[in-house]
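Engineer: upload24.cif is reproduced in full below (mmCIF, C-alpha atoms and all ligand atoms).
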```cif
data_target
#
loop_
_atom_site.label_atom_id
_atom_site.label_comp_id
_atom_site.auth_asym_id
_atom_site.auth_seq_id
_atom_site.Cartn_x
_atom_site.Cartn_y
_atom_site.Cartn_z
CA ILE A 24 133.57 80.82 105.75
CA THR A 25 133.53 80.41 109.52
CA LEU A 26 132.22 83.92 110.07
CA ARG A 27 129.63 83.43 107.37
CA HIS A 28 128.36 80.38 109.22
CA GLN A 29 128.08 82.46 112.41
CA VAL A 30 126.35 85.31 110.60
CA VAL A 31 123.75 83.07 108.98
CA LYS A 32 123.15 81.25 112.27
CA PHE A 33 122.68 84.58 114.01
CA ILE A 34 120.14 85.67 111.41
CA ARG A 35 118.20 82.42 111.74
CA ASP A 36 118.07 82.60 115.54
CA PHE A 37 117.17 86.30 115.56
CA LEU A 38 114.27 85.87 113.17
CA ASP A 39 113.12 82.64 114.80
CA ASP A 40 112.91 84.52 118.12
CA ARG A 41 110.61 87.04 116.44
CA GLY A 42 108.19 84.52 115.02
CA PHE A 43 109.50 84.24 111.46
CA LEU A 44 109.23 80.96 109.56
CA GLU A 45 112.03 79.88 107.24
CA ILE A 46 110.35 78.65 104.07
CA GLU A 47 112.02 77.28 100.94
CA THR A 48 110.59 78.39 97.64
CA PRO A 49 110.98 76.55 94.31
CA ILE A 50 114.02 76.99 92.07
CA LEU A 51 112.42 75.84 88.82
CA ILE A 52 109.86 78.57 88.25
CA LYS A 53 108.31 80.99 85.84
CA SER A 54 110.35 84.15 85.44
CA THR A 55 110.27 86.78 88.21
CA PRO A 56 112.09 89.88 86.98
CA GLU A 57 114.59 91.92 89.00
CA GLY A 58 116.09 93.78 86.06
CA ALA A 59 118.49 91.04 84.88
CA ARG A 60 118.21 88.24 82.34
CA ASP A 61 116.95 84.82 83.43
CA TYR A 62 118.96 81.63 83.47
CA LEU A 63 116.84 79.08 81.65
CA VAL A 64 116.46 75.34 82.13
CA PRO A 65 114.90 73.34 79.29
CA SER A 66 111.92 71.22 80.22
CA ARG A 67 112.05 67.53 79.26
CA LEU A 68 108.33 67.01 79.56
CA TYR A 69 107.38 70.14 77.61
CA PRO A 70 109.89 70.23 74.74
CA GLY A 71 110.66 73.76 73.60
CA GLN A 72 109.63 75.25 76.95
CA PHE A 73 111.83 76.47 79.76
CA TYR A 74 111.92 77.07 83.47
CA ALA A 75 113.61 80.22 84.74
CA LEU A 76 115.84 80.16 87.81
CA PRO A 77 114.64 82.77 90.30
CA GLN A 78 116.25 86.22 90.10
CA SER A 79 114.78 86.39 93.60
CA PRO A 80 111.85 84.70 95.37
CA GLN A 81 109.93 87.99 95.06
CA GLN A 82 106.56 86.83 93.74
CA LEU A 83 106.79 83.57 95.71
CA LYS A 84 107.14 85.38 99.02
CA GLN A 85 104.24 87.64 98.12
CA LEU A 86 102.14 84.53 97.46
CA LEU A 87 103.15 83.32 100.93
CA MET A 88 101.77 86.54 102.44
CA VAL A 89 98.49 86.04 100.58
CA ALA A 90 98.47 82.47 101.90
CA GLY A 91 98.56 83.78 105.46
CA PHE A 92 102.20 83.34 106.52
CA GLU A 93 102.78 86.70 108.10
CA LYS A 94 106.51 86.52 108.70
CA TYR A 95 108.69 84.67 106.22
CA PHE A 96 112.40 84.49 105.60
CA GLN A 97 114.79 82.42 103.59
CA ILE A 98 118.54 82.33 103.01
CA ALA A 99 117.86 82.36 99.30
CA ARG A 100 120.14 81.66 96.36
CA CYS A 101 119.31 83.96 93.45
CA PHE A 102 120.42 83.75 89.83
CA ARG A 103 120.84 86.76 87.57
CA ASP A 104 122.39 86.51 84.14
CA GLU A 105 124.21 89.82 83.91
CA ASP A 106 127.79 90.96 83.43
CA SER A 107 130.01 90.21 86.40
CA ARG A 108 131.54 93.03 88.41
CA ALA A 109 133.64 93.10 91.53
CA ASP A 110 130.44 93.06 93.58
CA ARG A 111 128.16 91.16 91.23
CA GLN A 112 128.24 87.55 90.18
CA PRO A 113 125.89 85.12 88.41
CA GLU A 114 124.53 83.69 91.65
CA HIS A 115 124.31 85.26 95.08
CA THR A 116 122.69 84.58 98.42
CA GLN A 117 120.34 86.99 100.09
CA LEU A 118 118.41 87.15 103.31
CA ASP A 119 114.98 87.28 101.74
CA LEU A 120 112.25 88.37 104.10
CA GLU A 121 108.66 89.50 103.99
CA MET A 122 106.05 90.59 106.52
CA SER A 123 102.32 91.25 106.41
CA PHE A 124 100.50 94.22 107.95
CA VAL A 125 103.62 96.38 108.08
CA GLU A 126 104.65 99.81 106.98
CA GLU A 127 108.07 100.93 105.80
CA LYS A 128 109.12 102.01 109.30
CA ASP A 129 108.42 98.52 110.69
CA VAL A 130 110.68 96.82 108.14
CA LEU A 131 113.45 99.36 108.70
CA ALA A 132 113.22 99.00 112.48
CA LEU A 133 113.57 95.21 112.24
CA ILE A 134 116.52 95.43 109.85
CA GLU A 135 118.26 98.04 111.99
CA GLU A 136 117.95 95.90 115.10
CA LEU A 137 119.06 92.77 113.25
CA TYR A 138 122.16 94.34 111.70
CA THR A 139 123.18 96.18 114.85
CA ASP A 140 122.94 93.03 116.98
CA LEU A 141 124.49 90.90 114.27
CA VAL A 142 127.62 93.03 113.95
CA ARG A 143 127.99 93.50 117.70
CA THR A 144 127.76 89.73 118.23
CA THR A 145 129.70 88.34 115.30
CA THR A 146 132.35 91.04 114.78
CA PRO A 147 132.61 92.87 118.12
CA GLY A 148 135.70 94.81 116.91
CA LYS A 149 133.49 96.87 114.57
CA ARG A 150 131.74 100.06 115.57
CA VAL A 151 128.13 100.52 114.44
CA PRO A 152 126.74 104.04 114.95
CA THR A 153 123.01 104.02 115.72
CA PRO A 154 120.36 104.98 114.88
CA PHE A 155 121.05 104.35 111.19
CA PRO A 156 120.67 107.67 109.36
CA ARG A 157 117.79 107.83 106.87
CA LEU A 158 118.37 109.87 103.73
CA THR A 159 115.97 110.32 100.90
CA TYR A 160 117.23 109.30 97.48
CA ALA A 161 117.12 112.95 96.35
CA GLU A 162 119.07 114.10 99.39
CA SER A 163 121.66 111.36 98.99
CA MET A 164 122.20 112.23 95.33
CA GLU A 165 122.52 115.89 96.15
CA ARG A 166 124.89 115.57 99.10
CA PHE A 167 126.96 112.57 97.97
CA GLY A 168 126.26 112.13 94.24
CA THR A 169 125.27 108.51 94.82
CA ASP A 170 122.52 106.40 96.38
CA LYS A 171 125.09 104.42 98.36
CA PRO A 172 127.08 107.01 100.26
CA ASP A 173 129.98 106.14 102.52
CA LEU A 174 128.96 107.97 105.70
CA ARG A 175 132.15 107.28 107.63
CA PHE A 176 133.30 110.72 106.55
CA GLY A 177 131.93 114.08 105.38
CA LEU A 178 133.39 115.60 102.19
CA GLU A 179 129.85 116.58 101.25
CA MET A 180 129.19 117.98 97.82
CA SER A 181 127.75 121.33 96.87
CA ASP A 182 126.06 122.31 93.67
CA LEU A 183 127.90 125.26 92.16
CA SER A 184 125.92 125.33 88.91
CA GLU A 185 124.32 128.68 89.51
CA MET A 186 127.48 130.57 90.46
CA ALA A 187 129.48 128.68 87.81
CA SER A 188 127.17 129.73 85.00
CA ALA A 189 127.84 133.37 85.88
CA THR A 190 131.63 132.99 85.44
CA GLU A 191 133.78 133.59 82.36
CA PHE A 192 134.94 129.97 82.46
CA ARG A 193 133.74 128.25 79.28
CA VAL A 194 133.95 124.72 80.75
CA PHE A 195 131.49 125.69 83.49
CA ARG A 196 129.20 127.76 81.31
CA SER A 197 128.81 125.25 78.51
CA ALA A 198 128.15 122.43 80.99
CA VAL A 199 125.28 124.33 82.57
CA GLU A 200 123.94 125.64 79.25
CA GLY A 201 123.87 122.05 77.99
CA GLY A 202 121.64 120.98 80.88
CA GLY A 203 124.52 119.78 83.03
CA ILE A 204 125.74 120.64 86.51
CA VAL A 205 128.85 121.88 88.27
CA LYS A 206 129.46 120.13 91.57
CA ALA A 207 132.28 120.21 94.06
CA PHE A 208 133.62 119.24 97.43
CA SER A 209 136.53 120.40 99.47
CA ALA A 210 139.48 118.19 100.41
CA PRO A 211 140.87 119.37 103.76
CA GLY A 212 144.56 120.14 103.96
CA CYS A 213 145.20 119.33 100.29
CA ALA A 214 146.22 122.80 99.08
CA SER A 215 149.83 121.63 99.25
CA TYR A 216 149.27 118.79 96.77
CA SER A 217 152.06 118.62 94.18
CA ARG A 218 151.46 118.95 90.45
CA ARG A 219 151.88 115.17 90.23
CA GLN A 220 149.28 114.49 92.92
CA VAL A 221 146.82 116.84 91.22
CA ASP A 222 147.43 115.14 87.85
CA GLU A 223 146.72 111.80 89.49
CA LEU A 224 143.37 113.07 90.70
CA ILE A 225 142.56 114.45 87.25
CA ASP A 226 143.38 111.07 85.69
CA PHE A 227 141.29 109.36 88.35
CA ALA A 228 138.27 111.57 87.62
CA LYS A 229 138.65 110.97 83.88
CA SER A 230 138.89 107.21 84.41
CA ARG A 231 135.51 107.45 86.17
CA GLY A 232 133.87 109.19 83.22
CA ALA A 233 134.45 112.89 83.92
CA MET A 234 135.57 115.11 81.07
CA GLY A 235 138.02 116.76 83.45
CA LEU A 236 138.58 117.95 86.98
CA VAL A 237 139.12 121.54 88.09
CA THR A 238 141.17 121.90 91.25
CA VAL A 239 141.38 125.12 93.22
CA ALA A 240 144.08 125.06 95.90
CA LEU A 241 143.74 127.72 98.61
CA THR A 242 147.32 127.94 99.83
CA GLY A 243 148.49 129.58 103.01
CA GLU A 244 148.16 129.29 106.76
CA PRO A 245 144.99 127.35 107.64
CA GLY A 246 142.13 129.72 108.35
CA PRO A 247 138.87 131.16 107.06
CA VAL A 248 138.61 132.14 103.38
CA GLU A 249 137.34 135.67 104.01
CA ASP A 250 140.86 137.16 103.87
CA LEU A 251 141.98 135.08 100.90
CA THR A 252 143.91 136.92 98.18
CA LEU A 253 144.29 135.96 94.51
CA ASP A 254 147.98 135.09 94.86
CA GLN A 255 147.04 132.36 97.35
CA VAL A 256 144.96 130.61 94.70
CA ARG A 257 146.55 127.88 92.61
CA SER A 258 144.30 126.67 89.82
CA ALA A 259 144.37 126.28 86.05
CA ALA A 260 140.97 127.99 86.07
CA ALA A 261 142.05 130.93 88.24
CA ARG A 262 142.34 133.40 85.35
CA PHE A 263 138.69 132.80 84.39
CA LEU A 264 137.37 133.36 87.90
CA THR A 265 137.15 136.42 90.09
CA LEU A 266 138.34 136.34 93.68
CA GLU A 267 134.74 136.74 94.78
CA GLN A 268 133.69 133.70 92.74
CA ILE A 269 136.51 131.62 94.18
CA LYS A 270 135.57 132.66 97.72
CA ASP A 271 131.94 131.88 96.96
CA ALA A 272 132.83 128.37 95.73
CA ALA A 273 135.04 127.87 98.78
CA LEU A 274 132.32 128.97 101.20
CA ARG A 275 129.70 126.79 99.56
CA THR A 276 131.91 123.71 99.88
CA GLY A 277 133.00 124.62 103.39
CA ALA A 278 136.63 125.00 102.28
CA ARG A 279 139.19 126.87 104.38
CA VAL A 280 142.60 128.19 103.51
CA GLY A 281 144.83 125.11 103.28
CA ASP A 282 142.19 123.07 101.46
CA MET A 283 141.63 122.21 97.84
CA VAL A 284 138.26 122.48 96.11
CA LEU A 285 137.62 119.69 93.58
CA ILE A 286 135.11 120.61 90.88
CA ILE A 287 133.57 118.57 88.07
CA ALA A 288 131.29 119.98 85.36
CA GLY A 289 129.21 117.93 82.93
CA PRO A 290 125.99 115.98 82.47
CA PRO A 291 124.32 115.31 85.86
CA GLN A 292 124.71 111.57 85.92
CA SER A 293 128.34 111.23 84.84
CA THR A 294 129.30 114.20 87.03
CA ASN A 295 127.74 112.59 90.09
CA VAL A 296 129.32 109.21 89.33
CA ALA A 297 132.81 110.65 88.87
CA LEU A 298 132.64 113.08 91.80
CA SER A 299 131.33 110.46 94.20
CA ALA A 300 134.12 108.08 93.14
CA LEU A 301 136.57 110.91 93.78
CA ARG A 302 134.96 111.54 97.17
CA ASN A 303 135.51 107.89 98.12
CA GLU A 304 139.07 108.05 96.80
CA MET A 305 139.83 111.15 98.91
CA GLY A 306 138.13 109.59 101.96
CA GLY A 307 140.60 106.71 101.57
CA ARG A 308 143.66 108.85 100.81
CA LEU A 309 143.04 111.14 103.75
CA GLY A 310 142.49 108.21 106.10
CA LEU A 311 138.92 109.30 106.85
CA ALA A 312 137.30 105.93 106.18
CA ASP A 313 137.80 104.07 109.45
CA PRO A 314 138.08 100.35 108.63
CA ASP A 315 136.68 99.49 112.08
CA GLU A 316 133.46 101.40 111.55
CA LEU A 317 130.34 100.13 109.80
CA ALA A 318 128.33 103.18 108.87
CA PHE A 319 124.94 101.76 107.99
CA ALA A 320 122.23 103.97 106.54
CA PHE A 321 118.85 103.66 104.90
CA VAL A 322 118.20 105.45 101.63
CA VAL A 323 114.43 105.88 101.19
CA ASP A 324 111.92 107.42 98.79
CA PHE A 325 113.35 106.10 95.53
CA PRO A 326 111.52 106.96 92.34
CA LEU A 327 109.20 104.14 91.23
CA PHE A 328 110.23 104.33 87.57
CA VAL A 329 113.41 105.27 85.76
CA TYR A 330 113.53 106.16 82.08
CA ASN A 331 115.63 103.82 79.95
CA ASP A 332 117.03 106.09 77.20
CA ASP A 333 118.47 103.24 75.12
CA GLU A 334 115.23 101.30 74.95
CA GLU A 335 113.02 104.40 75.15
CA ARG A 336 110.76 103.05 77.86
CA TRP A 337 110.16 103.19 81.59
CA ASP A 338 111.83 100.56 83.79
CA ALA A 339 111.12 99.83 87.43
CA MET A 340 113.82 101.41 89.60
CA HIS A 341 113.48 98.54 92.11
CA HIS A 342 111.06 95.98 90.73
CA ALA A 343 107.57 95.88 89.28
CA PHE A 344 105.86 95.02 92.59
CA THR A 345 106.88 98.13 94.51
CA SER A 346 104.10 100.37 95.83
CA PRO A 347 103.91 104.07 94.99
CA LYS A 348 103.82 106.30 98.06
CA GLU A 349 100.51 107.70 99.14
CA GLY A 350 99.64 110.75 97.04
CA TYR A 351 101.65 109.68 93.98
CA GLU A 352 99.30 107.12 92.42
CA GLN A 353 97.69 109.83 90.34
CA TYR A 354 100.90 110.41 88.34
CA ILE A 355 101.52 106.78 87.33
CA GLU A 356 100.36 107.26 83.76
CA SER A 357 100.59 111.03 83.34
CA ASP A 358 104.07 111.64 84.79
CA PRO A 359 105.79 108.35 85.72
CA GLY A 360 109.10 110.04 86.56
CA ARG A 361 107.44 111.97 89.37
CA VAL A 362 106.19 108.93 91.30
CA ILE A 363 108.03 108.24 94.56
CA ALA A 364 107.86 104.71 95.96
CA TYR A 365 107.86 103.05 99.37
CA CYS A 366 111.26 101.70 98.44
CA TYR A 367 114.44 101.61 100.50
CA ASP A 368 118.05 100.45 100.40
CA LEU A 369 120.34 99.42 103.21
CA VAL A 370 123.85 100.72 102.59
CA ALA A 371 127.08 100.50 104.56
CA ASN A 372 130.46 102.11 103.88
CA GLY A 373 129.56 102.94 100.30
CA VAL A 374 128.19 99.47 99.50
CA GLU A 375 124.55 98.76 98.67
CA LEU A 376 123.68 95.79 100.85
CA GLY A 377 120.14 95.29 99.64
CA SER A 378 116.79 96.73 98.66
CA GLY A 379 113.25 96.34 99.79
CA SER A 380 109.85 97.89 99.47
CA ILE A 381 106.24 97.94 100.53
CA ARG A 382 104.44 96.00 97.81
CA ILE A 383 101.39 96.64 95.75
CA HIS A 384 98.59 94.51 97.21
CA ASN A 385 95.80 95.56 94.89
CA ARG A 386 95.28 94.00 91.47
CA GLN A 387 94.22 97.15 89.62
CA LEU A 388 97.18 99.14 90.88
CA GLN A 389 99.54 96.31 89.97
CA GLU A 390 98.09 96.21 86.46
CA ARG A 391 98.55 99.97 86.03
CA VAL A 392 102.22 99.75 87.01
CA LEU A 393 102.83 96.79 84.69
CA ALA A 394 101.19 98.72 81.84
CA VAL A 395 103.58 101.68 82.31
CA LEU A 396 106.46 99.16 82.21
CA GLY A 397 105.26 98.20 78.74
CA TYR A 398 103.61 94.83 79.36
CA THR A 399 100.58 94.25 77.17
CA ALA A 400 97.40 92.87 78.75
CA GLU A 401 98.24 89.46 77.28
CA GLU A 402 101.83 89.47 78.61
CA THR A 403 100.60 90.63 81.99
CA LYS A 404 98.19 87.74 82.20
CA GLN A 405 100.72 85.22 80.96
CA ARG A 406 103.68 86.35 83.08
CA PHE A 407 102.01 87.65 86.24
CA GLY A 408 98.61 85.91 86.26
CA GLN A 409 99.56 83.89 89.34
CA LEU A 410 100.25 87.00 91.40
CA LEU A 411 97.33 89.04 90.06
CA THR A 412 94.86 86.25 90.81
CA ALA A 413 96.29 85.87 94.30
CA LEU A 414 95.91 89.61 94.97
CA GLU A 415 92.19 89.22 94.33
CA TYR A 416 91.79 86.91 97.30
CA GLY A 417 92.25 89.91 99.59
CA ALA A 418 95.97 90.31 100.02
CA PRO A 419 97.21 91.80 103.29
CA PRO A 420 99.35 94.93 103.01
CA HIS A 421 102.89 93.57 102.99
CA GLY A 422 106.51 94.50 102.49
CA GLY A 423 110.02 93.24 103.02
CA MET A 424 113.58 93.37 102.00
CA ALA A 425 116.45 91.20 100.78
CA PRO A 426 119.92 92.27 101.93
CA GLY A 427 122.71 90.27 100.31
CA ILE A 428 124.81 87.95 102.42
CA ASP A 429 127.88 88.03 100.15
CA ARG A 430 128.17 91.80 100.27
CA LEU A 431 127.55 91.80 104.01
CA MET A 432 130.45 89.38 104.42
CA MET A 433 132.56 91.64 102.24
CA VAL A 434 132.03 94.68 104.47
CA LEU A 435 132.31 92.67 107.69
CA THR A 436 135.67 91.22 106.69
N1 LIG A 501 113.24 91.04 95.58
C1 LIG A 501 114.11 92.14 95.87
C2 LIG A 501 115.53 91.85 95.39
O1 LIG A 501 115.88 90.72 95.22
C3 LIG A 501 114.19 92.47 97.31
C4 LIG A 501 112.87 92.81 97.91
O2 LIG A 501 112.21 93.69 97.37
O3 LIG A 501 112.54 92.23 98.95
O4 LIG A 501 116.30 92.78 95.25
#
```
For the structure just supplied, provide its representation as C-alpha cells.
Ligand code: ASP
Structural biologist:
Amino acid sequence: ITLRHQVVKFIRDFLDDRGFLEIETPILIKSTPEGARDYLVPSRLYPGQFYALPQSPQQLKQLLMVAGFEKYFQIARCFRDEDSRADRQPEHTQLDLEMSFVEEKDVLALIEELYTDLVRTTTPGKRVPTPFPRLTYAESMERFGTDKPDLRFGLEMSDLSEMASATEFRVFRSAVEGGGIVKAFSAPGCASYSRRQVDELIDFAKSRGAMGLVTVALTGEPGPVEDLTLDQVRSAAARFLTLEQIKDAALRTGARVGDMVLIIAGPPQSTNVALSALRNEMGGRLGLADPDELAFAFVVDFPLFVYNDDEERWDAMHHAFTSPKEGYEQYIESDPGRVIAYCYDLVANGVELGSGSIRIHNRQLQERVLAVLGYTAEETKQRFGQLLTALEYGAPPHGGMAPGIDRLMMVLT
C-alpha cells in the first residue's frame, strides 16, 4: 500500500511535468465495451433503464481529445463483470491516458520513459533493461507461443511441424494433418531428468491443455549434437524417429548434448498455450527468471479482429475504436482476419500490464469497423452516437494506453 502510494504519486508528477491534465470522467454512463459484461445501475428517474459502470473511460477520453485537451490522464477505476482469475477481478485501477497528434512510436516512447524512471525511483533494487524490446504479435506467438512473453530468459520455441510430418510418429503426423502444429524448445542440462521429473512435466503440460508431451533427452557429455548416437537418446518416441530427425529437431531448438527437447503436438492455440506455460515453468525451475529483473517489452501489430468460433462472429481483439494500420483498411470487410492494427501491449515478466492503440478518428471508418463487429446501423447510432457525432467535428488523430496499476504492483512486489 505504501509503495502503491509512491508509484501513483510518481506517475502524477511525471505526467504533470509533461503537460498532462488529470481529468475525472463520469462513473454512471452509457456502456463502453472492452470485451466484458457491464455492471448495471438502475435509474430511479427513468424506471426500467440502467446506467453502466465504465469498463474503461475509453470513449470519454476520446471525447476529451475532440474537445481539445491534448494530453489527458486519470488513475481510473474500471468495472468489468467477468469471471475472476488470479490476475483479474471485478474492479481494477488503470493509468488511463490519451494524447492528440501522436503516432504509435510517441505513445511507446512516453510509456517507456515513464516505466523506466518509475521503477528506478520507486524500486531501485530492480533491474530494467532498456530499450524495451518491440516484438510483433506474430513474432511473439512464433518465438514464445504467447503475446505476453517472459523475456528474462531464452528457451525460445521452434516450429517442427514440417520435419515432424515427415516422421513415422503418428502423434506428430496426425497433429499436422489435422491442421495443427508441432512446437518445441530445449531445456538446457535437463537430459539427466529422472522418470519422475519427466512425468511431472508431462502432467504439467496436460494440466495446461496439451494432449501430451514428448521429451527427447540427449544424454552424455555436454557438447554439440553432430556426433550424437542413437543410444544417447532417451525418449518414448525414439523408435519412431531416425537419428537424423532427432538431430534435426535438436539443431532447430538449439539443443546440445546434455539437454532435453520438449515437444508438444496439437491444435495451434492449445499447443502454444501449453508450451508457453511449460516454458515459464522451466524458466522458474532452472532459476532463469531473475526476480530482481523487470523485463519490459512492447508487443505491437495485433490483429484488429479475432474470430469468435462459439458465437460465429468477429470480435475486436483490443476494442472497437482501434485504428487499422495504413494499407489494411481495404481488407476490413473482405478479409477481416488479415487486418493489422496500430495496437500495442506493455508486458513485463510474462504479465500483460496493459493495452493501447491509435484510435479511429474518422466517422466512416469507425462505422465500417462497427459493422464488421455485427452492430446494426440502429445499434451503432444508439450505442455510439455520441462518439460518432463528435468525430464529425474534426477529431485530431489521437491514441493512448491504459496500463493497469494492480498488475504493475504485482510485478514490482
Ligand atoms: N481502453 C483500453 C483498456 O481499458 C486501453 C486503451 O486503449 O487506452 O484496455
Engineer: Which residues of chain A sit at most 7 Å from ligand LIG 501 (chain A), using all atoms listed in the file? Give each one's shortest atom pair and distance in Å (one decimal place), in chain and ascending residue order, as CSV.
Structural biologist:
```
residue,atom,partner,partner_atom,distance
A:Glu57,CA,A:LIG501,C2,6.5
A:Gln78,CA,A:LIG501,O1,6.8
A:Ser79,CA,A:LIG501,O1,4.8
A:Pro80,CA,A:LIG501,N1,6.5
A:Gln81,CA,A:LIG501,N1,4.5
A:Asp119,CA,A:LIG501,O3,6.2
A:Leu120,CA,A:LIG501,O3,6.4
A:Glu121,CA,A:LIG501,O3,6.9
A:Gly377,CA,A:LIG501,O4,6.3
A:Ser378,CA,A:LIG501,C3,5.2
A:Gly379,CA,A:LIG501,O2,3.7
A:Ser380,CA,A:LIG501,O2,5.3
A:Gly423,CA,A:LIG501,O3,4.9
A:Met424,CA,A:LIG501,O3,3.4
A:Ala425,CA,A:LIG501,C3,4.3
```
Engineer: Tell me, counting only C-alpha atoms, for each residue of range 332-424 of chain A within 10 Å of range 148-159 of chain A, which pair of atoms is nearest and how far apart they are in Å to one decimal, in rows ordered by chain and increasing number, as JSON lines.
Structural biologist:
```
{"residue": "A:Tyr367", "atom": "CA", "partner": "A:Thr159", "partner_atom": "CA", "distance": 8.9}
{"residue": "A:Asp368", "atom": "CA", "partner": "A:Arg157", "partner_atom": "CA", "distance": 9.8}
{"residue": "A:Leu369", "atom": "CA", "partner": "A:Phe155", "partner_atom": "CA", "distance": 9.4}
{"residue": "A:Val370", "atom": "CA", "partner": "A:Phe155", "partner_atom": "CA", "distance": 9.7}
{"residue": "A:Ala371", "atom": "CA", "partner": "A:Phe155", "partner_atom": "CA", "distance": 9.8}
```
Engineer: Restricting the calculation to all atoms listed in the file: of A:Gln97, A:Gln405, A:Gln387, A:Asn372, which residue gets closest to Ala320 in chain A?
Structural biologist: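 Counting all atoms listed in the file, the residue closest to Ala320 in chain A is A:Asn372.
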Engineer: Could you please give me, as a list in words, the residues of protein, DNA or RNA lying at most 12 Å from (113.6, 80.3, 114.5) in the coordinate frame of the file, considering all atoms listed in the file?
Structural biologist: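 Final list of nearby residues, as requested, is Val31, Lys32, Phe33, Ile34, Arg35, Asp36, Phe37, Leu38, Asp39, Asp40, Arg41, Gly42, Phe43, Leu44, Glu45, Ile46, Lys94, Tyr95, Phe96 and Gln97 of chain A.
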Engineer: How many Å lie between CA of Met88 in chain A and CA of Ala418 in chain A, rounded to one decimal?
Structural biologist: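 Computing it gives 7.3 Å between the two atoms.
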Engineer: Kindly give the distance, in Å, that separates CA of Phe208 in chain A and CA of Glu316 in chain A, rounded to a single decimal.
Structural biologist: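 Straight-line distance from CA of Phe208 in chain A to CA of Glu316 in chain A works out to 22.8 Å.
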Engineer: Would you mind listing what lies within 7 Å of Arg175 in chain A as a list in words, with all atoms listed in the file counted and same-chain residues fewer than 5 positions away left out?
Structural biologist: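 These residues fall inside the cut-off: Ala312, Asp313, Ala318 and Asn372 of chain A.
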Engineer: Skipping near chain neighbours, those fewer than 5 positions away, what residues fall within 12 Å of Gly350 in chain A using all atoms listed in the file, listed as a list in words?
Structural biologist: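 Those residues are Ile355, Arg361, Val362, Ile363, Ala364 and Tyr365 of chain A.
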Engineer: Compile the contact shell of Arg386 in chain A as a JSON list (two decimals) with C-alpha atoms, in the coordinates of the input: residues with an atom at most 8 Å away, counting all atoms listed in the file, same-chain residues fewer than 2 positions apart removed.
Structural biologist:
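The resulting result-v2.json:
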```json
[["chain", "number", "residue", "atom", "x", "y", "z"],
["A", 383, "ILE", "CA", 101.39, 96.64, 95.75],
["A", 384, "HIS", "CA", 98.59, 94.51, 97.21],
["A", 388, "LEU", "CA", 97.18, 99.14, 90.88],
["A", 389, "GLN", "CA", 99.54, 96.31, 89.97],
["A", 390, "GLU", "CA", 98.09, 96.21, 86.46],
["A", 411, "LEU", "CA", 97.33, 89.04, 90.06],
["A", 412, "THR", "CA", 94.86, 86.25, 90.81],
["A", 414, "LEU", "CA", 95.91, 89.61, 94.97],
["A", 415, "GLU", "CA", 92.19, 89.22, 94.33]]
```
Engineer: Between CA of Gly277 in chain A and CA of Ser209 in chain A, what is the distance in Å, rounded to a tenth?
Structural biologist: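 Computing it gives 6.8 Å between the two atoms.
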Engineer: Of the candidates A:Phe263, A:Pro426, A:Ala339, A:Ser188, which shows the shortest atom-to-atom distance to Glu135 in chain A, using only C-alpha atoms?
Structural biologist: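 Of all the options, A:Pro426 lies closest to Glu135 in chain A.
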Engineer: For range 258-260 of chain A, find every residue with an atom within 8 Å (counting all atoms listed in the file), except residues of its own chain fewer than 4 positions away, and show them as a PyMOL selection string.
Structural biologist: chain A and resi 192+237-240+264
Engineer: Excluding Asp129 in chain A and any residue of its chain fewer than 3 positions from it, enumerate the residues within 12 Å of it, using all atoms listed in the file, and give them as a list in words.
Structural biologist: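 Contacts, in chain order: Glu121, Met122, Ser123, Phe124, Val125, Glu126, Ala132, Leu133, Ile134, Glu135, Glu136, Ser380, Ile381, His421, Gly422, Gly423 and Met424 of chain A.
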Engineer: Every residue with an atom at most 10 Å from (128.8, 110.4, 83.4) (file coordinates; all atoms listed in the file) is what I'm after, so could you write them as a VMD selection string?
Structural biologist: chain A and resid 229 231 to 234 289 to 298
Engineer: With distances taken over only C-alpha atoms, which of A:Glu127, A:Asp333, A:Asp110, A:Asp182 is nearest to Arg382 in chain A?
Structural biologist: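 Among the listed residues, the smallest separation from Arg382 in chain A belongs to A:Glu127.
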Engineer: Draw an axis-aligned box tight on the listed atoms of range 361-365 of chain A, then pad every side by 5 Å and write out centre and edge lengths in Å to one decimal as JSON.
Structural biologist:
```
{"center_x": 107.1, "center_y": 107.5, "center_z": 94.4, "size_x": 11.8, "size_y": 18.9, "size_z": 20.0}
```
